[in-house]
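The file target_1.csv comes next; it holds CSV, C-alpha atoms.
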chain,number,residue,atom,x,y,z
A,298,MET,CA,0.0,0.0,0.0
A,299,LEU,CA,2.8,2.4,0.9
A,300,ARG,CA,4.5,1.7,-2.5
A,301,PHE,CA,1.2,2.5,-4.2
A,302,ILE,CA,0.8,5.8,-2.3
A,303,LEU,CA,4.4,6.8,-3.1
A,304,PHE,CA,3.8,5.9,-6.8
A,305,ILE,CA,0.8,8.2,-6.9
A,306,LEU,CA,2.7,11.0,-5.2
A,307,PHE,CA,5.5,10.6,-7.8
A,308,ILE,CA,3.0,10.8,-10.7
A,309,ILE,CA,1.4,13.9,-9.2
A,310,ALA,CA,4.8,15.6,-8.8
A,311,LEU,CA,5.7,14.6,-12.3
A,312,ASP,CA,2.5,16.0,-13.8
A,313,ILE,CA,2.7,19.3,-11.9
A,314,TYR,CA,6.3,19.9,-13.0
A,315,ALA,CA,5.6,18.9,-16.7
A,316,TYR,CA,2.6,21.1,-16.7
A,317,GLN,CA,4.9,24.1,-16.8
A,318,ALA,CA,5.8,23.2,-20.4
A,319,PHE,CA,2.1,23.2,-21.4
A,320,ARG,CA,1.1,26.5,-19.8
A,321,PHE,CA,1.7,28.6,-22.9
A,322,LEU,CA,-0.6,26.2,-24.9
A,323,ILE,CA,-3.4,25.8,-22.3
A,324,LYS,CA,-5.9,28.5,-22.2
A,325,GLY,CA,-8.2,29.0,-19.2
A,326,ARG,CA,-9.2,26.9,-16.2
A,327,TRP,CA,-10.8,24.1,-18.2
A,328,GLY,CA,-7.7,23.6,-20.2
A,329,THR,CA,-5.8,23.0,-17.0
A,330,VAL,CA,-8.5,20.6,-15.7
A,331,PHE,CA,-8.4,18.7,-19.0
A,332,TYR,CA,-4.6,18.3,-18.8
A,333,PHE,CA,-4.8,16.7,-15.3
A,334,LEU,CA,-7.9,14.6,-16.2
A,335,ILE,CA,-5.9,12.9,-18.9
A,336,THR,CA,-3.4,11.6,-16.4
A,337,LEU,CA,-6.2,10.6,-14.0
A,338,PHE,CA,-8.0,8.7,-16.8
A,339,VAL,CA,-4.8,6.8,-17.8
A,340,ILE,CA,-3.7,5.9,-14.2
A,341,GLY,CA,-7.3,5.1,-13.1
A,342,GLY,CA,-7.9,2.9,-16.2
A,343,LEU,CA,-4.7,1.0,-15.8
A,344,PHE,CA,-5.3,0.4,-12.1
A,345,TYR,CA,-8.9,-0.8,-12.8
A,346,GLN,CA,-7.7,-3.2,-15.6
A,347,PHE,CA,-5.1,-4.7,-13.4
A,348,SER,CA,-7.4,-5.0,-10.3
A,349,THR,CA,-10.0,-6.9,-12.4
A,350,GLY,CA,-7.7,-9.4,-14.0
A,351,GLY,CA,-6.5,-7.5,-17.0
A,352,ARG,CA,-2.9,-8.2,-16.2
A,353,ARG,CA,-3.6,-11.9,-16.7
A,354,ASN,CA,-5.7,-11.6,-19.8
A,355,MET,CA,-3.9,-8.8,-21.6
A,356,SER,CA,-7.0,-7.6,-23.4
A,357,ALA,CA,-6.9,-4.9,-26.1
A,358,LEU,CA,-8.2,-2.4,-23.5
A,359,THR,CA,-5.5,-3.4,-21.0
A,360,GLN,CA,-2.9,-2.9,-23.7
A,361,PHE,CA,-4.3,0.5,-24.6
A,362,PHE,CA,-3.9,1.7,-21.0
A,363,ILE,CA,-0.4,0.2,-20.7
A,364,VAL,CA,0.7,2.0,-23.9
A,365,SER,CA,-0.9,5.2,-22.8
A,366,PHE,CA,0.8,5.0,-19.4
A,367,VAL,CA,4.2,4.4,-21.0
A,368,ILE,CA,3.7,7.4,-23.4
A,369,LEU,CA,2.6,9.5,-20.5
A,370,ILE,CA,5.6,8.7,-18.3
A,371,VAL,CA,8.4,8.6,-20.9
A,372,CYS,CA,7.3,11.7,-22.8
A,373,LYS,CA,6.9,13.7,-19.6
A,374,LEU,CA,10.3,12.6,-18.3
A,375,PHE,CA,11.8,14.0,-21.5
A,376,ILE,CA,10.0,17.2,-20.9
A,377,ILE,CA,11.1,17.4,-17.3
A,378,ALA,CA,14.7,16.7,-18.2
A,379,THR,CA,14.7,19.6,-20.6
A,380,MET,CA,12.8,21.9,-18.1
A,381,PHE,CA,15.0,20.9,-15.2
A,382,GLY,CA,18.1,21.8,-17.1
A,383,GLU,CA,16.8,25.2,-17.8
A,384,ASP,CA,15.7,25.6,-14.2
A,385,VAL,CA,19.2,24.9,-13.0
A,386,TYR,CA,20.5,27.5,-15.4
A,387,ARG,CA,17.9,30.0,-14.2
A,388,PHE,CA,18.8,29.4,-10.6
A,389,PHE,CA,22.5,30.1,-11.1
A,390,LYS,CA,21.7,33.0,-13.4
A,391,ALA,CA,19.5,34.5,-10.7
A,392,ILE,CA,22.3,34.2,-8.1
A,393,TYR,CA,24.7,35.9,-10.6
A,394,ASN,CA,22.3,38.7,-11.3
A,395,LYS,CA,21.6,39.3,-7.6
A,396,PHE,CA,25.1,39.5,-6.4
A,397,ILE,CA,27.2,40.5,-9.5
A,398,THR,CA,25.1,42.4,-12.0
A,399,LYS,CA,21.6,43.7,-12.6
A,400,PRO,CA,18.6,41.5,-13.5
A,401,GLU,CA,18.0,41.2,-17.3
A,402,GLY,CA,14.4,42.1,-17.2
A,403,SER,CA,12.2,40.0,-19.5
A,404,ILE,CA,14.9,37.8,-21.0
A,405,ILE,CA,14.2,34.8,-18.7
A,406,PRO,CA,10.4,34.7,-19.2
A,407,SER,CA,10.8,34.7,-23.0
A,408,ARG,CA,13.4,32.0,-22.8
A,409,ARG,CA,11.0,29.9,-20.7
A,410,LYS,CA,8.6,29.8,-23.6
A,411,PHE,CA,11.3,28.8,-26.0
A,412,VAL,CA,12.5,26.0,-23.7
A,413,SER,CA,8.9,24.8,-23.2
A,414,GLN,CA,8.5,24.6,-27.0
A,415,LEU,CA,11.8,22.8,-27.2
A,416,ALA,CA,10.8,20.3,-24.4
A,417,LEU,CA,7.6,19.5,-26.2
A,418,GLY,CA,9.5,19.0,-29.5
A,419,LEU,CA,11.9,16.6,-27.9
A,420,ALA,CA,9.0,14.7,-26.3
A,421,ALA,CA,7.7,14.0,-29.8
A,422,ILE,CA,10.7,11.7,-30.4
A,423,PRO,CA,9.8,9.1,-27.7
A,424,PHE,CA,6.1,9.5,-28.6
A,425,ALA,CA,6.7,8.6,-32.2
A,426,SER,CA,9.2,5.8,-31.2
A,427,ILE,CA,6.7,4.2,-28.8
A,428,LEU,CA,4.0,4.2,-31.4
A,429,TYR,CA,6.4,2.6,-33.9
A,430,GLY,CA,7.4,0.1,-31.3
A,431,VAL,CA,3.7,-0.9,-30.8
A,432,PHE,CA,2.7,-1.1,-34.4
A,433,LYS,CA,5.9,-2.3,-36.0
A,434,GLY,CA,8.6,-3.0,-33.5
A,435,ARG,CA,7.1,-5.9,-31.7
A,436,TYR,CA,7.3,-8.1,-34.8
A,437,ASN,CA,10.6,-6.5,-36.2
A,438,PHE,CA,12.5,-9.8,-35.9
A,439,LYS,CA,16.3,-9.7,-36.2
A,440,VAL,CA,18.6,-12.6,-36.8
A,441,LEU,CA,21.8,-12.0,-34.8
A,442,LYS,CA,24.8,-14.2,-35.8
A,443,TYR,CA,27.9,-15.0,-33.7
A,444,GLU,CA,30.9,-17.2,-34.0
A,445,LEU,CA,32.6,-18.5,-30.9
A,446,SER,CA,35.9,-20.3,-30.9
A,447,TYR,CA,37.1,-23.0,-28.4
A,448,ASP,CA,40.3,-24.8,-28.0
A,449,ASP,CA,38.6,-28.0,-26.8
A,450,LEU,CA,35.6,-28.2,-29.1
A,451,PRO,CA,35.5,-31.7,-30.6
A,452,ASP,CA,36.7,-31.6,-34.2
A,453,ALA,CA,33.5,-33.1,-35.5
A,454,PHE,CA,31.6,-30.0,-34.2
A,455,ASP,CA,33.7,-27.4,-35.9
A,456,GLY,CA,31.0,-25.3,-37.7
A,457,TYR,CA,28.2,-26.7,-35.6
A,458,GLN,CA,25.3,-24.2,-35.8
A,459,ILE,CA,22.8,-23.4,-33.0
A,460,THR,CA,19.7,-21.3,-33.2
A,461,GLN,CA,18.4,-20.0,-29.9
A,462,ILE,CA,15.0,-18.4,-29.3
A,463,SER,CA,13.7,-17.4,-25.9
A,464,ASP,CA,10.7,-15.8,-24.2
A,465,ILE,CA,8.0,-16.6,-26.7
A,466,HIS,CA,5.2,-15.3,-24.4
A,467,SER,CA,2.5,-16.7,-26.7
A,468,GLY,CA,-0.3,-15.2,-24.6
A,469,SER,CA,0.6,-11.8,-26.0
A,470,PHE,CA,0.6,-12.7,-29.7
A,471,ASP,CA,-2.2,-11.2,-31.9
A,472,ASN,CA,-0.8,-11.6,-35.5
A,473,SER,CA,-0.4,-15.1,-36.9
A,474,GLU,CA,1.1,-13.9,-40.2
A,475,LYS,CA,4.0,-12.2,-38.3
A,476,VAL,CA,4.6,-15.1,-36.0
A,477,ASN,CA,4.6,-17.6,-39.0
A,478,TYR,CA,7.0,-15.3,-40.8
A,479,ALA,CA,9.4,-15.6,-37.8
A,480,ILE,CA,9.0,-19.4,-37.8
A,481,ASP,CA,10.0,-19.4,-41.4
A,482,LEU,CA,12.9,-17.1,-40.7
A,483,ILE,CA,14.2,-19.6,-38.0
A,484,ASN,CA,13.9,-22.5,-40.4
A,485,GLU,CA,15.8,-20.6,-43.1
A,486,GLN,CA,18.9,-20.6,-40.8
A,487,ALA,CA,19.1,-24.4,-41.3
A,488,SER,CA,20.8,-24.8,-37.9
A,489,ASP,CA,21.8,-28.2,-36.5
A,490,VAL,CA,19.8,-27.7,-33.4
A,491,ILE,CA,17.2,-25.3,-32.0
A,492,LEU,CA,17.3,-24.4,-28.4
A,493,PHE,CA,14.5,-22.6,-26.6
A,494,THR,CA,15.4,-21.0,-23.2
A,495,GLY,CA,12.1,-20.5,-21.4
A,496,ASP,CA,8.9,-18.5,-21.0
A,497,MET,CA,6.7,-20.1,-23.6
A,498,VAL,CA,3.6,-18.5,-22.1
A,499,ASN,CA,2.7,-15.6,-19.9
A,500,ASN,CA,0.7,-17.6,-17.4
A,501,LEU,CA,-1.5,-20.4,-18.8
A,502,ALA,CA,-0.6,-23.4,-20.8
A,503,SER,CA,-3.7,-22.7,-22.9
A,504,GLU,CA,-2.1,-19.6,-24.3
A,505,MET,CA,0.1,-21.8,-26.5
A,506,GLU,CA,-2.7,-23.8,-28.0
A,507,PRO,CA,-3.4,-21.4,-30.9
A,508,TRP,CA,0.3,-21.3,-31.8
A,509,LYS,CA,1.1,-25.0,-31.4
A,510,ASP,CA,1.0,-25.9,-35.0
A,511,SER,CA,3.2,-22.9,-36.0
A,512,PHE,CA,6.0,-23.8,-33.6
A,513,ALA,CA,5.7,-27.5,-34.4
A,514,ARG,CA,6.9,-26.5,-37.9
A,515,LEU,CA,10.4,-25.6,-36.5
A,516,GLU,CA,12.9,-28.1,-37.8
A,517,ALA,CA,16.5,-28.9,-37.0
A,518,LYS,CA,18.6,-32.0,-37.8
A,519,ASP,CA,19.5,-32.7,-34.2
A,520,GLY,CA,16.2,-31.7,-32.7
A,521,LYS,CA,14.6,-29.0,-30.6
A,522,PHE,CA,15.3,-28.7,-26.9
A,523,SER,CA,13.8,-26.4,-24.2
A,524,VAL,CA,13.8,-25.4,-20.6
A,525,LEU,CA,11.2,-23.7,-18.4
A,526,GLY,CA,11.2,-20.0,-17.6
A,527,ASN,CA,9.7,-18.2,-14.6
A,528,HIS,CA,6.4,-17.5,-16.3
A,529,ASP,CA,5.9,-21.2,-17.4
A,530,TYR,CA,5.2,-22.3,-13.8
A,531,GLY,CA,2.0,-20.3,-13.4
A,532,ASP,CA,3.3,-18.6,-10.3
A,533,TYR,CA,1.6,-15.3,-11.2
A,534,VAL,CA,-1.9,-16.6,-11.2
A,535,ASN,CA,-4.3,-17.0,-8.2
A,536,TRP,CA,-5.2,-20.7,-8.6
A,537,SER,CA,-8.2,-22.2,-6.8
A,538,SER,CA,-6.0,-25.1,-5.8
A,539,ASN,CA,-2.4,-26.4,-6.0
A,540,GLU,CA,-3.7,-29.3,-8.1
A,541,GLU,CA,-5.0,-26.8,-10.7
A,542,LYS,CA,-1.6,-25.2,-10.9
A,543,VAL,CA,0.2,-28.5,-11.3
A,544,ALA,CA,-2.2,-29.5,-14.0
A,545,ASN,CA,-1.5,-26.3,-15.9
A,546,LEU,CA,2.3,-27.0,-15.8
A,547,ASP,CA,1.7,-30.6,-16.9
A,548,LYS,CA,-0.4,-29.4,-19.8
A,549,LEU,CA,2.4,-27.1,-20.9
A,550,LYS,CA,4.9,-30.0,-20.7
A,551,GLN,CA,2.5,-32.0,-22.9
A,552,ILE,CA,2.2,-29.2,-25.4
A,553,GLN,CA,6.0,-29.0,-25.7
A,554,GLN,CA,6.1,-32.7,-26.3
A,555,GLU,CA,3.4,-32.5,-29.0
A,556,MET,CA,5.6,-29.8,-30.7
A,557,ASP,CA,8.6,-32.2,-30.6
A,558,PHE,CA,10.5,-30.1,-28.0
A,559,ASN,CA,12.6,-32.1,-25.7
A,560,LEU,CA,12.1,-30.4,-22.3
A,561,LEU,CA,15.1,-30.7,-20.1
A,562,LEU,CA,14.3,-30.5,-16.3
A,563,ASN,CA,17.7,-30.4,-14.5
A,564,GLU,CA,19.1,-33.0,-16.8
A,565,HIS,CA,21.4,-33.4,-19.8
A,566,ARG,CA,21.5,-35.0,-23.2
A,567,PHE,CA,24.4,-35.8,-25.6
A,568,ILE,CA,24.6,-34.8,-29.2
A,569,GLU,CA,26.9,-37.2,-31.1
A,570,LYS,CA,28.7,-36.7,-34.4
A,571,ASN,CA,31.3,-38.9,-36.0
A,572,GLY,CA,32.0,-40.7,-32.7
A,573,GLN,CA,32.4,-37.5,-30.7
A,574,ARG,CA,29.9,-35.7,-28.5
A,575,ILE,CA,28.9,-32.5,-26.8
A,576,SER,CA,26.6,-32.3,-23.8
A,577,LEU,CA,23.5,-30.2,-23.7
A,578,ILE,CA,22.4,-29.3,-20.2
A,579,GLY,CA,19.0,-27.9,-19.2
A,580,VAL,CA,18.1,-26.5,-15.8
A,581,GLU,CA,14.8,-25.3,-14.5
A,582,ASN,CA,14.4,-21.6,-13.7
A,583,TRP,CA,16.9,-20.2,-11.3
A,584,GLY,CA,16.7,-16.4,-10.8
A,585,ALA,CA,18.1,-13.9,-8.3
A,586,GLY,CA,15.9,-11.3,-6.6
A,587,GLY,CA,12.9,-13.3,-5.6
A,588,PHE,CA,12.4,-15.4,-8.7
A,589,LYS,CA,11.9,-19.2,-8.6
A,590,LYS,CA,15.0,-21.2,-7.8
A,591,ALA,CA,14.1,-24.6,-9.1
A,592,GLY,CA,17.3,-25.0,-11.1
A,593,ASP,CA,19.6,-27.7,-9.8
A,594,LEU,CA,22.9,-27.4,-11.7
A,595,ASN,CA,24.7,-30.2,-9.9
A,596,LYS,CA,21.8,-32.6,-10.6
A,597,ALA,CA,21.8,-31.6,-14.2
A,598,ILE,CA,25.5,-32.4,-14.8
A,599,ALA,CA,25.6,-35.6,-12.7
A,600,GLY,CA,27.4,-38.2,-14.7
A,601,LEU,CA,29.2,-35.7,-17.1
A,602,ALA,CA,33.0,-35.9,-17.5
A,603,ASP,CA,35.1,-32.9,-16.8
A,604,THR,CA,36.3,-33.1,-20.4
A,605,ASP,CA,32.8,-32.9,-21.9
A,606,PHE,CA,32.1,-29.8,-23.9
A,607,LYS,CA,29.1,-28.2,-22.1
A,608,ILE,CA,26.3,-26.1,-23.4
A,609,LEU,CA,23.9,-24.9,-20.7
A,610,MET,CA,20.4,-23.7,-21.1
A,611,SER,CA,19.3,-21.6,-18.1
A,612,HIS,CA,16.5,-19.0,-18.5
A,613,ASP,CA,17.7,-16.3,-16.2
A,614,PRO,CA,21.2,-14.8,-16.8
A,615,SER,CA,21.5,-14.0,-13.0
A,616,HIS,CA,22.0,-17.8,-12.7
A,617,TRP,CA,25.2,-17.5,-14.8
A,618,GLU,CA,26.3,-14.5,-12.7
A,619,PHE,CA,25.8,-16.1,-9.3
A,620,GLU,CA,26.3,-19.8,-9.8
A,621,VAL,CA,27.4,-20.9,-13.2
A,622,LYS,CA,30.5,-19.0,-14.1
A,623,ASP,CA,32.2,-19.6,-10.8
A,624,HIS,CA,31.2,-23.3,-10.6
A,625,PRO,CA,34.0,-25.9,-10.4
A,626,GLU,CA,32.8,-27.3,-13.7
A,627,HIS,CA,33.6,-25.3,-16.9
A,628,PHE,CA,30.5,-24.4,-18.9
A,629,HIS,CA,31.6,-23.4,-22.4
A,630,LEU,CA,28.4,-21.7,-23.4
A,631,THR,CA,25.3,-20.7,-21.5
A,632,LEU,CA,22.2,-19.6,-23.2
A,633,SER,CA,19.7,-17.4,-21.4
A,634,GLY,CA,16.9,-14.9,-22.0
A,635,HIS,CA,14.4,-13.4,-19.5
A,636,THR,CA,15.4,-9.7,-19.6
A,637,HIS,CA,13.8,-8.9,-23.0
A,638,GLY,CA,16.3,-6.0,-23.0
A,639,MET,CA,13.4,-4.4,-21.2
A,640,GLN,CA,11.9,-4.1,-24.8
A,641,PHE,CA,13.1,-0.5,-24.6
A,642,GLY,CA,16.5,1.0,-25.3
A,643,ILE,CA,19.0,2.3,-27.8
A,644,GLU,CA,21.2,-0.1,-29.8
A,645,ILE,CA,23.7,0.5,-32.6
A,646,PRO,CA,25.1,-3.0,-33.4
A,647,GLY,CA,28.8,-3.2,-32.7
A,648,TRP,CA,28.9,0.3,-31.3
A,649,PHE,CA,26.5,1.1,-28.6
A,650,LYS,CA,23.9,-0.7,-26.4
A,651,TRP,CA,21.9,0.8,-23.6
A,652,SER,CA,18.6,0.0,-21.8
A,653,PRO,CA,17.3,0.8,-18.3
A,654,VAL,CA,17.4,-3.0,-17.6
A,655,LYS,CA,21.2,-2.7,-17.2
A,656,TRP,CA,20.5,-1.2,-13.8
A,657,ARG,CA,18.8,-4.6,-12.8
A,658,TYR,CA,20.9,-7.1,-14.7
A,659,GLN,CA,24.6,-7.0,-15.3
A,660,TYR,CA,24.2,-9.4,-18.3
A,661,TRP,CA,21.1,-8.3,-20.2
A,662,ALA,CA,21.6,-8.7,-24.0
A,663,GLY,CA,24.1,-10.3,-26.3
A,664,ILE,CA,27.4,-12.2,-25.8
A,665,TYR,CA,29.5,-11.9,-22.6
A,666,GLU,CA,32.7,-13.7,-21.6
A,667,ASP,CA,34.3,-14.6,-18.4
A,668,ALA,CA,37.4,-16.9,-18.1
A,669,LYS,CA,36.7,-18.4,-21.5
A,670,GLN,CA,33.1,-19.1,-20.6
A,671,TYR,CA,30.5,-17.4,-22.7
A,672,ILE,CA,26.8,-16.5,-22.2
A,673,ASN,CA,24.4,-15.2,-24.7
A,674,VAL,CA,21.4,-13.4,-23.3
A,675,ASN,CA,18.7,-13.5,-26.0
A,676,ARG,CA,16.5,-10.4,-26.2
A,677,GLY,CA,13.4,-12.5,-26.6
A,678,PHE,CA,11.1,-13.6,-29.4
A,679,GLY,CA,7.9,-12.2,-28.0
A,680,TYR,CA,6.8,-9.4,-25.6
A,681,LEU,CA,5.2,-9.0,-22.3
A,682,ALA,CA,3.0,-6.4,-20.7
A,683,PHE,CA,4.0,-3.5,-22.9
A,684,PRO,CA,2.8,-4.6,-26.4
A,685,GLY,CA,5.8,-3.3,-28.3
A,686,ARG,CA,9.5,-3.0,-28.6
A,687,VAL,CA,11.4,0.3,-28.9
A,688,GLY,CA,15.0,0.0,-30.1
A,689,ILE,CA,15.4,-3.5,-28.7
A,690,TRP,CA,14.0,-5.8,-31.3
A,691,PRO,CA,12.8,-9.4,-31.1
A,692,GLU,CA,15.7,-11.8,-31.6
A,693,ILE,CA,16.6,-15.0,-33.3
A,694,THR,CA,20.2,-15.9,-32.3
A,695,VAL,CA,22.4,-18.0,-34.5
A,696,ILE,CA,25.7,-19.2,-32.9
A,697,THR,CA,28.3,-21.1,-34.9
A,698,LEU,CA,30.9,-23.1,-32.9
A,699,ARG,CA,34.4,-23.1,-34.2
A,700,LYS,CA,37.5,-25.1,-33.3
A,701,ASN,CA,40.3,-22.8,-32.4
A,702,THR,CA,43.3,-24.1,-34.3
A,703,ALA,CA,45.6,-21.3,-33.4
A,704,ASN,CA,47.0,-23.2,-30.4
A,705,VAL,CA,47.0,-26.6,-32.0
If you convert what's in this file into structure tokens, what do you get?
Amino acid sequence: MLRFILFILFIIALDIYAYQAFRFLIKGRWGTVFYFLITLFVIGGLFYQFSTGGRRNMSALTQFFIVSFVILIVCKLFIIATMFGEDVYRFFKAIYNKFITKPEGSIIPSRRKFVSQLALGLAAIPFASILYGVFKGRYNFKVLKYELSYDDLPDAFDGYQITQISDIHSGSFDNSEKVNYAIDLINEQASDVILFTGDMVNNLASEMEPWKDSFARLEAKDGKFSVLGNHDYGDYVNWSSNEEKVANLDKLKQIQQEMDFNLLLNEHRFIEKNGQRISLIGVENWGAGGFKKAGDLNKAIAGLADTDFKILMSHDPSHWEFEVKDHPEHFHLTLSGHTHGMQFGIEIPGWFKWSPVKWRYQYWAGIYEDAKQYINVNRGFGYLAFPGRVGIWPEITVITLRKNTANV
């Protein structure tokens, strides 16, 4: 309750400060009332949708209020940043005028109008970006390709190609044409194996039913493997009984089987080629910061040799940060997802990558390395809550394994 009150106070303070930029546009008392009513409508509508189950069902109306809220907050933060910068300047200018020289008369008020116009102009950038992210960005699938070299990769697997997808969140989909386009795009990569790293649904196994035939079309010579993500367990639903919750998870496992996904639950499999092998390890969800910790790494690798080449599938990258990379065993490659790159950020491939999610996760998108152990954090195939992507696009990862011959 306290958090909610603090949140409302923050929104009120945000709105009052941002209002300064609109004053030269708003005429009369009713214009001011209308300005604040818009905020009240958006916040009230969003709260009503979530309190009546909209967060679970993600109806079109719920998505409308989510998008409106994001636009409201992000655009006004841009306005406030511009206004605050000018206010800081005005503060020091006032001190300078008071103690060193004479006031400059009407210069500051005229500048305030200019800065207000500038703030509104800058706010148009995130406004247009968010709309693009909603109508185009959420299905703007990108194929990202990497090559990783290892000294101890078995010779038979030099050139072995992996396609990773993650965070399908099928309960959010609303465009079968776009989803099937992405399925075809995955198949076009002609990878040796397809690995899915969790969050097939938002909450309910039934969300995957309409998309089962589409994802069953995925093909790879060595098969399709998967693990569970935090959303797959149904932990964010108020079930009438524990039996109902268990039945939901069992149904999701059955659906994965029907789509020919080999679900790994704290276990491993071998992929063999020309008398050599690599190990594929899959753990249940393990996440820091209050997320489910069902993953049992030691159980999953029981029976593996130290010399086995190990590829680990673990949904949450915090698992790699806190348990995997410092484990006595050497995990050559870990594949994760979970963060979605927050579905919002700025990215210029090979040059610049930023998202607010970096304040929560140290490893949040792309390839990272530590002591010759690699992790790829997939940006996600689908989307959750906010029905769009701004700057951080849905991802299909293709990783080619190479034998490092430089030291041979």
Counting all atoms listed in the file, figure out which residue out of A:Ile568, A:Ala517, A:Val498, A:Met505 gets nearest to Tyr533 of chain A.
-> A:Val498
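In this structure, atom CA of Ala502 of chain A sits 9.3 Å away from atom CA of Ala544 of chain A.
Taking atom CA of Leu358 of chain A and atom CA of Phe512 of chain A as the two end points, the separation is 27.6 Å.
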Contact residues around Phe366 of chain A with all atoms listed in the file at 12 Å, ignoring same-chain residues under 4 positions, as a count of residues only | 23
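Taking only C-alpha atoms, the non-local environment of Ile664 of chain A within 10 Å (same-chain residues fewer than 4 positions away omitted) comprises Tyr443, Leu445, Leu630, Thr631, Leu632, Tyr660, Tyr671, Ile672, Asn673, Val674 and Asn675 of chain A.
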Can you write just those residues out, C-alpha atoms, as a PDB file, keeping the file's coordinate frame?
ATOM      1  CA  TYR A 443      27.900 -15.000 -33.700  1.00  0.00           C
ATOM      2  CA  LEU A 445      32.600 -18.500 -30.900  1.00  0.00           C
ATOM      3  CA  LEU A 630      28.400 -21.700 -23.400  1.00  0.00           C
ATOM      4  CA  THR A 631      25.300 -20.700 -21.500  1.00  0.00           C
ATOM      5  CA  LEU A 632      22.200 -19.600 -23.200  1.00  0.00           C
ATOM      6  CA  TYR A 660      24.200  -9.400 -18.300  1.00  0.00           C
ATOM      7  CA  TYR A 671      30.500 -17.400 -22.700  1.00  0.00           C
ATOM      8  CA  ILE A 672      26.800 -16.500 -22.200  1.00  0.00           C
ATOM      9  CA  ASN A 673      24.400 -15.200 -24.700  1.00  0.00           C
ATOM     10  CA  VAL A 674      21.400 -13.400 -23.300  1.00  0.00           C
ATOM     11  CA  ASN A 675      18.700 -13.500 -26.000  1.00  0.00           C
TER      12      ASN A 675
END
Contact residues around Gly468 of chain A with only C-alpha atoms at 9 Å, ignoring same-chain residues under 3 positions, as a VMD selection string = chain A and resid 354 to 355 465 471 497 to 501 503 to 505 681
Residues within 12 Å of Ala421 of chain A, please, as a tab-separated table (two decimals) with C-alpha atoms, in the frame of the given file. Count all atoms listed in the file; anything in the same chain fewer than 3 positions from it doesn't count.
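Saved the output as selection.tsv:
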chain	number	residue	atom	x	y	z
A	368	ILE	CA	3.70	7.40	-23.40
A	369	LEU	CA	2.60	9.50	-20.50
A	371	VAL	CA	8.40	8.60	-20.90
A	372	CYS	CA	7.30	11.70	-22.80
A	373	LYS	CA	6.90	13.70	-19.60
A	374	LEU	CA	10.30	12.60	-18.30
A	375	PHE	CA	11.80	14.00	-21.50
A	376	ILE	CA	10.00	17.20	-20.90
A	414	GLN	CA	8.50	24.60	-27.00
A	415	LEU	CA	11.80	22.80	-27.20
A	416	ALA	CA	10.80	20.30	-24.40
A	417	LEU	CA	7.60	19.50	-26.20
A	418	GLY	CA	9.50	19.00	-29.50
A	424	PHE	CA	6.10	9.50	-28.60
A	425	ALA	CA	6.70	8.60	-32.20
A	426	SER	CA	9.20	5.80	-31.20
A	427	ILE	CA	6.70	4.20	-28.80
A	428	LEU	CA	4.00	4.20	-31.40
Which polymer residues have any atom within 7 Å of an atom of Ser615 of chain A, counting all atoms listed in the file, with same-chain residues fewer than 3 positions away left out, as a list in words?
-> Gly584, Ala585, Glu618 and Phe619 of chain A
Please return, as a list in words, all polymer residues that have at least one atom within 8 Å of the point (8.3, -12.5, -33.5); use all atoms listed in the file and the file's own coordinate frame.
-> Arg435, Tyr436, Asn437, Phe438, Ile465, Lys475, Val476, Tyr478, Ala479, Phe678, Gly679, Pro691 and Glu692 of chain A
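Using all atoms listed in the file, the shortest contact distance between Ser611 of chain A and any of A:Gln461, A:Ser511, A:Thr694, A:Gln573 is found at A:Gln461.
The gap separating atom CA of Leu560 of chain A from atom CA of Phe470 of chain A is 22.4 Å, in Å to one decimal.
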N, CA and C atoms are needed for segment 466-474 of chain A; please write them out as a short mmCIF file (atom, residue, chain, number, x, y, z; two decimals), in the coordinates of the input.
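Below is the file rebuild.cif, written as the result:
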data_model
loop_
_atom_site.label_atom_id
_atom_site.label_comp_id
_atom_site.auth_asym_id
_atom_site.auth_seq_id
_atom_site.Cartn_x
_atom_site.Cartn_y
_atom_site.Cartn_z
N HIS A 466 6.35 -16.02 -24.98
CA HIS A 466 5.20 -15.30 -24.40
C HIS A 466 4.00 -15.32 -25.34
N SER A 467 3.58 -16.53 -25.68
CA SER A 467 2.50 -16.70 -26.70
C SER A 467 1.22 -16.05 -26.32
N GLY A 468 0.98 -15.84 -25.04
CA GLY A 468 -0.30 -15.20 -24.60
C GLY A 468 -0.40 -13.77 -25.06
N SER A 469 0.69 -13.19 -25.56
CA SER A 469 0.60 -11.80 -26.00
C SER A 469 0.44 -11.66 -27.52
N PHE A 470 0.62 -12.75 -28.27
CA PHE A 470 0.60 -12.70 -29.70
C PHE A 470 -0.84 -12.30 -30.23
N ASP A 471 -0.87 -11.54 -31.33
CA ASP A 471 -2.20 -11.20 -31.90
C ASP A 471 -2.05 -11.15 -33.47
N ASN A 472 -0.95 -11.68 -34.04
CA ASN A 472 -0.80 -11.60 -35.50
C ASN A 472 -0.11 -12.88 -35.97
N SER A 473 -0.93 -13.80 -36.47
CA SER A 473 -0.40 -15.10 -36.90
C SER A 473 0.51 -14.99 -38.09
N GLU A 474 0.25 -14.03 -38.97
CA GLU A 474 1.10 -13.90 -40.20
C GLU A 474 2.53 -13.50 -39.76
#
